[in-house]
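Below is my_file_13.cif, which holds mmCIF, C-alpha atoms.
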data_query
loop_
_atom_site.label_atom_id
_atom_site.label_comp_id
_atom_site.auth_asym_id
_atom_site.auth_seq_id
_atom_site.Cartn_x
_atom_site.Cartn_y
_atom_site.Cartn_z
CA MET A 1 74.40 83.21 83.77
CA ASP A 2 76.77 86.15 83.73
CA THR A 3 80.22 85.80 82.24
CA MET A 4 83.55 86.11 84.02
CA ARG A 5 83.99 89.58 82.58
CA ASP A 6 80.47 90.58 83.70
CA ARG A 7 81.59 89.72 87.21
CA PHE A 8 84.92 91.56 86.92
CA ALA A 9 83.83 95.22 86.99
CA PRO A 10 81.38 94.96 89.94
CA VAL A 11 83.91 93.05 92.04
CA LEU A 12 86.74 95.44 91.26
CA THR A 13 84.48 98.44 91.89
CA GLU A 14 83.75 96.99 95.32
CA LEU A 15 87.48 96.55 95.95
CA LEU A 16 88.12 100.16 94.87
CA ASP A 17 85.58 101.31 97.46
CA GLU A 18 87.07 99.14 100.20
CA ASP A 19 90.81 99.53 99.66
CA PRO A 20 92.45 102.90 98.92
CA ARG A 21 95.49 101.05 97.61
CA VAL A 22 93.63 99.52 94.65
CA ALA A 23 93.70 101.24 91.25
CA VAL A 24 92.47 100.19 87.81
CA VAL A 25 94.12 101.08 84.52
CA LEU A 26 92.21 100.69 81.23
CA ALA A 27 92.84 101.27 77.54
CA VAL A 28 89.28 102.19 76.42
CA ILE A 29 88.13 98.54 76.44
CA GLY A 30 85.95 98.06 79.51
CA SER A 31 85.88 101.72 80.50
CA ASP A 32 82.07 101.95 80.34
CA SER A 33 81.82 99.33 83.09
CA PHE A 34 83.84 101.57 85.40
CA ALA A 35 82.02 104.84 84.75
CA GLU A 36 80.50 105.02 88.23
CA ALA A 37 83.75 103.91 89.88
CA ALA A 38 85.60 106.62 87.96
CA ARG A 39 83.20 109.24 89.31
CA ARG A 40 83.82 108.06 92.87
CA HIS A 41 87.57 107.47 92.51
CA PRO A 42 88.83 109.61 89.61
CA GLU A 43 92.43 109.42 90.82
CA ARG A 44 92.39 105.60 90.87
CA VAL A 45 90.40 104.75 87.71
CA ILE A 46 92.62 105.70 84.77
CA ASP A 47 91.88 105.28 81.06
CA VAL A 48 95.02 105.86 78.98
CA GLY A 49 93.28 105.51 75.62
CA ILE A 50 94.29 103.03 72.93
CA ARG A 51 97.90 102.89 74.13
CA GLU A 52 98.65 99.39 75.38
CA GLN A 53 102.34 99.94 76.12
CA LEU A 54 101.38 102.98 78.19
CA LEU A 55 98.65 100.90 79.85
CA VAL A 56 101.21 98.50 81.33
CA GLY A 57 103.79 101.20 82.00
CA ALA A 58 101.25 103.32 83.87
CA GLY A 59 100.23 100.29 85.93
CA ALA A 60 103.83 99.66 86.92
CA GLY A 61 104.27 103.33 87.73
CA LEU A 62 101.31 103.20 90.09
CA ALA A 63 102.86 100.14 91.73
CA LEU A 64 106.05 102.13 92.31
CA THR A 65 103.99 104.62 94.33
CA GLY A 66 102.65 101.85 96.57
CA LEU A 67 99.31 101.24 94.88
CA ARG A 68 97.99 97.82 93.81
CA PRO A 69 97.23 98.30 90.08
CA VAL A 70 94.75 96.13 88.19
CA VAL A 71 95.46 96.45 84.46
CA HIS A 72 92.74 95.29 82.05
CA THR A 73 92.14 94.80 78.33
CA PHE A 74 91.94 91.96 75.81
CA ALA A 75 94.68 89.34 76.16
CA SER A 76 96.35 90.13 72.83
CA PHE A 77 96.65 93.79 73.83
CA LEU A 78 97.59 93.06 77.45
CA VAL A 79 100.27 90.38 77.10
CA GLU A 80 101.48 90.25 73.51
CA ARG A 81 101.58 93.86 72.35
CA PRO A 82 103.18 95.37 75.50
CA PHE A 83 105.27 92.35 76.46
CA GLU A 84 108.45 94.40 76.76
CA GLN A 85 106.75 96.65 79.30
CA ILE A 86 105.61 93.61 81.31
CA LYS A 87 109.15 92.27 81.27
CA LEU A 88 110.85 95.54 82.21
CA ASP A 89 108.34 97.78 83.97
CA PHE A 90 107.03 95.06 86.28
CA GLY A 91 109.71 92.38 86.24
CA HIS A 92 112.95 94.35 86.00
CA GLN A 93 111.73 97.07 88.37
CA GLY A 94 110.61 94.45 90.87
CA VAL A 95 107.05 95.66 91.38
CA GLY A 96 103.79 93.75 91.43
CA GLY A 97 100.38 94.17 89.91
CA VAL A 98 97.39 92.30 88.55
CA LEU A 99 96.90 91.83 84.81
CA VAL A 100 93.32 90.81 83.97
CA SER A 101 92.61 89.79 80.39
CA ALA A 102 89.48 89.09 78.38
CA ALA A 103 88.83 87.52 74.94
CA ALA A 104 90.93 84.46 75.82
CA SER A 105 92.37 82.43 72.92
CA PHE A 106 89.45 82.67 70.45
CA ASP A 107 86.61 84.03 72.57
CA TRP A 108 85.72 86.68 69.98
CA PRO A 109 86.18 84.93 66.62
CA SER A 110 84.70 87.80 64.59
CA GLY A 111 87.47 90.03 65.92
CA GLY A 112 89.98 88.03 63.91
CA PHE A 113 93.49 86.97 64.86
CA THR A 114 94.40 90.44 66.15
CA HIS A 115 91.96 89.82 69.00
CA MET A 116 93.09 86.27 69.79
CA SER A 117 95.89 85.25 72.14
CA PRO A 118 96.33 81.50 72.57
CA GLY A 119 100.00 82.04 73.41
CA ASP A 120 99.59 84.41 76.37
CA VAL A 121 100.37 81.95 79.17
CA ALA A 122 103.30 80.48 77.24
CA LEU A 123 104.69 83.98 76.76
CA LEU A 124 104.41 84.84 80.46
CA ASP A 125 106.15 81.53 81.14
CA THR A 126 109.34 83.09 79.82
CA LEU A 127 109.34 85.48 82.79
CA ASP A 128 110.07 84.82 86.43
CA GLY A 129 107.66 85.00 89.32
CA TRP A 130 104.23 85.33 87.71
CA THR A 131 101.20 83.66 89.27
CA VAL A 132 98.66 82.64 86.62
CA HIS A 133 94.98 82.02 87.39
CA VAL A 134 92.70 80.44 84.76
CA PRO A 135 89.18 80.29 86.24
CA GLY A 136 86.57 78.03 84.69
CA HIS A 137 83.43 79.73 86.04
CA PRO A 138 82.41 83.30 86.97
CA ASP A 139 82.28 82.39 90.68
CA GLU A 140 85.85 81.10 90.45
CA ALA A 141 86.87 84.25 88.57
CA GLU A 142 85.59 86.38 91.45
CA THR A 143 87.41 84.26 94.03
CA LEU A 144 90.68 84.32 92.12
CA LEU A 145 90.43 88.04 91.36
CA ARG A 146 90.05 88.74 95.07
CA HIS A 147 93.05 86.48 95.76
CA ALA A 148 95.08 88.33 93.15
CA VAL A 149 94.32 91.82 94.42
CA ALA A 150 95.04 90.78 98.01
CA ALA A 151 98.33 89.08 97.10
CA GLY A 152 100.64 91.72 98.53
CA ASP A 153 103.03 92.88 95.82
CA ASP A 154 102.93 89.70 93.74
CA LYS A 155 102.76 89.71 89.95
CA VAL A 156 99.49 87.99 88.96
CA TYR A 157 97.76 87.25 85.66
CA VAL A 158 94.03 86.45 85.69
CA ARG A 159 92.74 85.00 82.42
CA LEU A 160 89.00 85.56 81.92
CA SER A 161 86.97 83.72 79.28
CA VAL A 162 83.43 83.61 77.92
CA GLN A 163 83.75 79.82 78.06
CA SER A 164 82.56 78.34 81.34
CA ASN A 165 82.04 75.02 83.08
CA PRO A 166 78.53 74.06 84.23
CA ARG A 167 79.38 74.57 87.91
CA ALA A 168 81.93 76.31 90.10
CA TRP A 169 84.41 74.54 92.37
CA ASP A 170 85.92 75.62 95.67
CA VAL A 171 89.23 76.95 94.36
CA ASP A 172 91.91 78.39 96.64
CA GLY A 173 94.34 80.07 94.27
CA GLU A 174 97.02 77.42 94.84
CA ARG A 175 96.16 73.72 94.51
CA PHE A 176 94.79 71.41 91.85
CA LEU A 177 91.53 69.73 92.86
CA THR A 178 90.85 66.02 92.45
CA VAL A 179 87.49 65.82 90.70
CA ARG A 180 87.52 62.12 89.82
CA ASP A 181 89.73 59.20 90.91
CA GLY A 182 90.99 56.48 88.57
CA GLY A 183 93.78 53.98 88.20
CA ARG A 184 94.86 54.10 84.56
CA GLY A 185 96.13 57.63 83.98
CA VAL A 186 95.70 61.29 84.91
CA VAL A 187 93.94 64.03 82.95
CA VAL A 188 94.62 67.60 84.06
CA ALA A 189 91.80 69.92 82.94
CA VAL A 190 92.65 73.62 83.04
CA GLY A 191 89.96 76.24 83.64
CA PRO A 192 86.97 76.14 81.27
CA THR A 193 88.03 72.81 79.70
CA LEU A 194 86.81 70.82 82.73
CA GLY A 195 83.22 70.39 81.58
CA ASN A 196 84.27 68.88 78.24
CA VAL A 197 86.96 66.76 79.92
CA LEU A 198 84.48 65.25 82.37
CA THR A 199 82.10 64.41 79.54
CA ALA A 200 84.95 63.00 77.43
CA THR A 201 86.30 60.77 80.23
CA GLU A 202 82.96 59.46 81.47
CA GLY A 203 83.39 55.74 82.16
CA LEU A 204 87.19 55.84 81.77
CA ASP A 205 89.34 54.69 84.69
CA VAL A 206 91.30 57.93 84.96
CA THR A 207 91.94 60.54 87.62
CA VAL A 208 90.81 64.04 86.65
CA LEU A 209 92.61 66.97 88.27
CA TYR A 210 91.16 70.46 87.95
CA ALA A 211 93.66 73.32 87.63
CA THR A 212 92.62 76.96 87.95
CA THR A 213 96.01 78.19 89.17
CA VAL A 214 98.60 76.91 86.71
CA ARG A 215 101.59 78.97 87.85
CA PRO A 216 103.02 78.03 90.21
CA PHE A 217 102.29 74.55 88.86
CA ASP A 218 101.01 72.14 91.53
CA ALA A 219 103.75 69.55 91.06
CA THR A 220 102.90 67.80 94.32
CA ALA A 221 99.31 67.09 93.30
CA LEU A 222 100.31 65.81 89.87
CA HIS A 223 103.10 63.63 91.26
CA ARG A 224 100.80 62.07 93.84
CA ALA A 225 97.99 61.45 91.36
CA ALA A 226 100.32 60.06 88.70
CA LEU A 227 101.85 57.50 91.06
CA ALA A 228 98.40 56.43 92.27
CA ALA A 229 97.13 56.05 88.71
CA ALA A 230 100.20 54.41 87.17
CA GLY A 231 98.32 51.18 86.50
CA PRO A 232 99.84 47.72 86.22
CA HIS A 233 102.53 48.86 83.78
CA GLY A 234 103.91 51.21 86.44
CA THR A 235 104.47 54.12 84.03
CA PRO A 236 102.12 57.06 84.65
CA ASP A 237 100.33 58.53 81.65
CA VAL A 238 99.35 62.20 81.93
CA VAL A 239 97.15 64.23 79.57
CA LEU A 240 97.11 68.02 79.90
CA VAL A 241 94.05 69.79 78.46
CA GLU A 242 94.62 73.55 78.34
CA PRO A 243 92.42 76.29 76.84
CA TYR A 244 95.46 78.00 75.31
CA LEU A 245 98.50 76.90 73.29
CA ALA A 246 98.87 73.11 73.31
CA GLY A 247 101.87 71.95 75.30
CA THR A 248 102.21 75.10 77.41
CA SER A 249 102.51 73.08 80.63
CA THR A 250 104.23 69.93 79.38
CA THR A 251 107.60 71.10 80.71
CA ALA A 252 106.09 71.76 84.14
CA ALA A 253 104.48 68.31 84.13
CA ASN A 254 107.71 66.65 83.06
CA ASP A 255 109.59 68.46 85.81
CA ALA A 256 107.02 67.32 88.36
CA LEU A 257 107.57 63.71 87.30
CA ALA A 258 111.33 63.89 86.75
CA ASP A 259 111.95 60.99 89.15
CA VAL A 260 109.32 58.74 87.52
CA PRO A 261 109.29 57.19 84.02
CA HIS A 262 106.17 58.67 82.43
CA ARG A 263 104.42 59.89 79.29
CA VAL A 264 102.77 63.29 78.80
CA LEU A 265 100.35 64.42 76.08
CA GLY A 266 99.63 68.13 75.77
CA LEU A 267 96.28 69.10 74.24
CA GLY A 268 95.12 72.65 73.63
CA VAL A 269 94.90 75.30 70.94
CA GLY A 270 96.94 74.43 67.86
CA ARG A 271 99.51 76.73 66.28
CA ARG A 272 97.76 76.80 62.91
CA GLU A 273 95.75 79.99 62.44
CA LEU A 274 92.09 79.35 61.65
CA ARG A 275 91.27 82.19 59.28
CA ARG A 276 87.49 81.84 59.12
CA TYR A 277 85.65 83.64 61.89
CA GLY A 278 83.12 80.95 62.83
CA THR A 279 81.86 80.59 66.39
CA VAL A 280 83.57 79.80 69.68
CA GLU A 281 82.09 76.31 69.55
CA GLU A 282 83.46 75.75 66.05
CA HIS A 283 86.92 76.83 67.17
CA VAL A 284 86.72 74.48 70.17
CA ALA A 285 85.91 71.60 67.83
CA ALA A 286 88.52 72.62 65.25
CA HIS A 287 91.21 72.48 67.93
CA GLY A 288 90.00 69.08 69.15
CA LEU A 289 88.78 70.36 72.52
CA ASP A 290 85.14 69.22 72.21
CA PRO A 291 84.11 66.10 74.18
CA ARG A 292 84.11 63.70 71.22
CA SER A 293 87.55 64.75 70.00
CA LEU A 294 88.98 64.74 73.51
CA ARG A 295 87.75 61.21 74.14
CA GLU A 296 89.30 59.96 70.91
CA ARG A 297 92.63 61.65 71.65
CA ILE A 298 92.75 60.63 75.31
CA THR A 299 91.81 56.97 74.69
CA GLY A 300 94.18 56.83 71.74
CA PHE A 301 97.03 58.01 73.93
CA LEU A 302 96.23 55.77 76.89
CA GLY A 303 95.61 52.69 74.72
CA ASP A 304 94.98 49.19 76.09
CA GLY A 305 91.26 49.86 76.32
CA ARG A 306 91.69 52.46 79.03
#
Rewrite the coordinates I just gave you, this time as structure tokens.
Amino acid sequence: MDTMRDRFAPVLTELLDEDPRVAVVLAVIGSDSFAEAARRHPERVIDVGIREQLLVGAGAGLALTGLRPVVHTFASFLVERPFEQIKLDFGHQGVGGVLVSAAASFDWPSGGFTHMSPGDVALLDTLDGWTVHVPGHPDEAETLLRHAVAAGDDKVYVRLSVQSNPRAWDVDGERFLTVRDGGRGVVVAVGPTLGNVLTATEGLDVTVLYATTVRPFDATALHRAALAAAGPHGTPDVVLVEPYLAGTSTTAANDALADVPHRVLGLGVGRRELRRYGTVEEHVAAHGLDPRSLRERITGFLGDGR
């Protein structure tokens, strides 16, 4: 099966052919995948070299001219390094664009911490008005990328990963999906964590919500599911499983349930830096996001044999 990033360049090349408003801005990474597109659309496929601040600034400049820029590189170089440009060039100037990252969290362990960005979504959370898509399968990545490019002048972040769920779901770029119904708690699985969450919660009486668009946060879906799964004690228990910094969405979940006594547990990538390269699977396990660890943490939180 191809990866989300394998799907990215062909889809965007198709969009470049179809829509004269679409442009792509690169900083060396990924440029080979757009070689043919650059020959057909040299004025709309721009490689700025290894200059990440310029990458974002150039994207915002294209937006000021009326184009719909798609800006792409690894997450650490797209969100963390040029964060000031995201804040000012897009946010302060009031223009939109699509940021598409790769190498999510720890997708390329041998690249070291410079190529990891578990805090990208939390960092964007400090800014106003960003839509954040976290697909869990290449088919979902294509759907959400098309949504993002077609989203008028909105500011959109699409987070691609080499991690993937076994199957794709019919995502719409807005709502959480109910994958499993239960009566003793809610588990929200974000993007590529769904496969492990479903394995971890097999046989547990919990509702599983699947989130591929996390900003705006689907407060309505969580509120409805939490009330339905409050159990006999009447206090909803919610577990968030995110493929980035643990606790990134706990505030959003708490806000969604502000009128209901509740408990929230945020699971995800820990703050401690893991300095040995290892493999993606080893990092997943080290952060407690493998099925066995998730089951232990979820059942420990829910208690009462749930």
task = Select, from A:Leu144, A:Val284, A:Val149, A:Val197, the residue with the minimum atom-to-atom distance to A:Asp172, counting all atoms listed in the file.
result =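 Distance minimum relative to A:Asp172 lands on A:Leu144.
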remark   = Separating atom CA of A:Arg68 from atom CA of A:Ala38, to the nearest tenth of an Å, is a gap of 16.3 Å
ask   = Which residues match the PyMOL selection byres ((chain A and resi 255) around 12) in the file above, as a list in words?
value =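 Output of the PyMOL selection byres ((chain A and resi 255) around 12): Phe217, Asp218, Ala219, Thr220, Leu222, His223, Ser249, Thr250, Thr251, Ala252, Ala253, Asn254, Ala256, Leu257, Ala258, Asp259, Val260, Pro261, His262, Arg263 and Val264 of chain A.
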For the selection you just gave me, I'd like the residues written to a file as a PDB file, in the frame of the given file, keeping C-alpha atoms.
ATOM      1  CA  PHE A 217     102.290  74.550  88.860  1.00  0.00           C
ATOM      2  CA  ASP A 218     101.010  72.140  91.530  1.00  0.00           C
ATOM      3  CA  ALA A 219     103.750  69.550  91.060  1.00  0.00           C
ATOM      4  CA  THR A 220     102.900  67.800  94.320  1.00  0.00           C
ATOM      5  CA  LEU A 222     100.310  65.810  89.870  1.00  0.00           C
ATOM      6  CA  HIS A 223     103.100  63.630  91.260  1.00  0.00           C
ATOM      7  CA  SER A 249     102.510  73.080  80.630  1.00  0.00           C
ATOM      8  CA  THR A 250     104.230  69.930  79.380  1.00  0.00           C
ATOM      9  CA  THR A 251     107.600  71.100  80.710  1.00  0.00           C
ATOM     10  CA  ALA A 252     106.090  71.760  84.140  1.00  0.00           C
ATOM     11  CA  ALA A 253     104.480  68.310  84.130  1.00  0.00           C
ATOM     12  CA  ASN A 254     107.710  66.650  83.060  1.00  0.00           C
ATOM     13  CA  ALA A 256     107.020  67.320  88.360  1.00  0.00           C
ATOM     14  CA  LEU A 257     107.570  63.710  87.300  1.00  0.00           C
ATOM     15  CA  ALA A 258     111.330  63.890  86.750  1.00  0.00           C
ATOM     16  CA  ASP A 259     111.950  60.990  89.150  1.00  0.00           C
ATOM     17  CA  VAL A 260     109.320  58.740  87.520  1.00  0.00           C
ATOM     18  CA  PRO A 261     109.290  57.190  84.020  1.00  0.00           C
ATOM     19  CA  HIS A 262     106.170  58.670  82.430  1.00  0.00           C
ATOM     20  CA  ARG A 263     104.420  59.890  79.290  1.00  0.00           C
ATOM     21  CA  VAL A 264     102.770  63.290  78.800  1.00  0.00           C
TER      22      VAL A 264
END
query = Selected by the PyMOL selection byres ((chain A and resi 14) around 12) in the shown coordinates: which residues, as a PyMOL selection string?
reply = chain A and resi 7-13+15-20+22-24+34+36-37+40-41+142+145-146+149
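Checking A:Met1, A:Ile86, A:Leu99, A:Val158 one by one against A:Asp128, counting all atoms listed in the file, you find the shortest gap at A:Ile86.
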request  = Tell me which protein, DNA and RNA residues are within 12 Å of A:Ala285, counting only C-alpha atoms, leaving out same-chain ones fewer than 6 positions away, and put them as JSON, numbers by chain.
outcome  = {"A": [106, 196, 268, 269, 270, 274, 278, 279, 291, 292, 293, 294]}
task = Given the file shown, determine the residues that the PyMOL selection byres ((chain A and resi 110-115) around 12) selects; report them as a PyMOL selection string.
result = chain A and resi 73-81+101-109+116-120+271-280+283
I'd like the contact shell of A:Asp181 - 12 Å cut-off, only C-alpha atoms, skipping same-chain residues fewer than 4 positions apart - returned as a PDB file with C-alpha atoms, keeping the file's coordinate frame.
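The resulting file, part.pdb, is reproduced below:
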ATOM      1  CA  LEU A 177      91.530  69.730  92.860  1.00  0.00           C
ATOM      2  CA  GLY A 185      96.130  57.630  83.980  1.00  0.00           C
ATOM      3  CA  VAL A 186      95.700  61.290  84.910  1.00  0.00           C
ATOM      4  CA  VAL A 187      93.940  64.030  82.950  1.00  0.00           C
ATOM      5  CA  VAL A 188      94.620  67.600  84.060  1.00  0.00           C
ATOM      6  CA  LEU A 198      84.480  65.250  82.370  1.00  0.00           C
ATOM      7  CA  THR A 201      86.300  60.770  80.230  1.00  0.00           C
ATOM      8  CA  GLU A 202      82.960  59.460  81.470  1.00  0.00           C
ATOM      9  CA  GLY A 203      83.390  55.740  82.160  1.00  0.00           C
ATOM     10  CA  LEU A 204      87.190  55.840  81.770  1.00  0.00           C
ATOM     11  CA  ASP A 205      89.340  54.690  84.690  1.00  0.00           C
ATOM     12  CA  VAL A 206      91.300  57.930  84.960  1.00  0.00           C
ATOM     13  CA  THR A 207      91.940  60.540  87.620  1.00  0.00           C
ATOM     14  CA  VAL A 208      90.810  64.040  86.650  1.00  0.00           C
ATOM     15  CA  LEU A 209      92.610  66.970  88.270  1.00  0.00           C
ATOM     16  CA  TYR A 210      91.160  70.460  87.950  1.00  0.00           C
ATOM     17  CA  ARG A 224     100.800  62.070  93.840  1.00  0.00           C
ATOM     18  CA  ALA A 225      97.990  61.450  91.360  1.00  0.00           C
ATOM     19  CA  ALA A 226     100.320  60.060  88.700  1.00  0.00           C
ATOM     20  CA  ALA A 228      98.400  56.430  92.270  1.00  0.00           C
ATOM     21  CA  ALA A 229      97.130  56.050  88.710  1.00  0.00           C
TER      22      ALA A 229
END
query = Between A:Gln53, A:Ser31, A:Thr126, A:Thr65, which is the closest to A:Asp153 once you count only C-alpha atoms?
reply =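 Ranked by minimum distance to A:Asp153, first place goes to A:Thr65.
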request  = Mind checking which residues fall within 7 Å of A:Leu265, counting only C-alpha atoms, ignoring those fewer than 2 positions away in the same chain, and posting them as a PyMOL selection string?
outcome  = chain A and resi 238-240+263+267
How about saving the chosen residues, C-alpha atoms kept, as a PDB file, in the coordinates of the input?
ATOM      1  CA  VAL A 238      99.350  62.200  81.930  1.00  0.00           C
ATOM      2  CA  VAL A 239      97.150  64.230  79.570  1.00  0.00           C
ATOM      3  CA  LEU A 240      97.110  68.020  79.900  1.00  0.00           C
ATOM      4  CA  ARG A 263     104.420  59.890  79.290  1.00  0.00           C
ATOM      5  CA  LEU A 267      96.280  69.100  74.240  1.00  0.00           C
TER       6      LEU A 267
END
ask   = atom CA of A:Gln85 and atom CA of A:Gly57, how far apart in Å?
value =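 Rounded to one decimal, the two atoms are 6.1 Å apart.
Atom CA of A:Val56 to atom CA of A:Ala141 spans 21.5 Å [interatomic distance, one decimal].
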Need the shell around A:Val156: protein/DNA/RNA residues with any atom at most 6 Å away, counting only C-alpha atoms. Skip same-chain ones fewer than 2 positions apart. Format as a PDB file with C-alpha atoms, in the coordinates of the input?
ATOM      1  CA  VAL A  98      97.390  92.300  88.550  1.00  0.00           C
ATOM      2  CA  TRP A 130     104.230  85.330  87.710  1.00  0.00           C
ATOM      3  CA  THR A 131     101.200  83.660  89.270  1.00  0.00           C
ATOM      4  CA  VAL A 132      98.660  82.640  86.620  1.00  0.00           C
TER       5      VAL A 132
END
query = Which residue, A:Ala189, A:Val179, A:Ala286, A:Val25, has the smallest gap to A:Val48 when you use all atoms listed in the file?
reply =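 Result for the nearest residue to A:Val48: A:Val25.
Using all atoms listed in the file, the smallest distance between any of A:Gly61, A:Thr299, A:Gly183, A:Thr212 and A:Pro236 comes from A:Gly183.
Of the listed residues (A:Leu123, A:Val171, A:Leu55, A:Val100), A:Leu123 comes nearest to A:Lys87; the distances count all atoms listed in the file.
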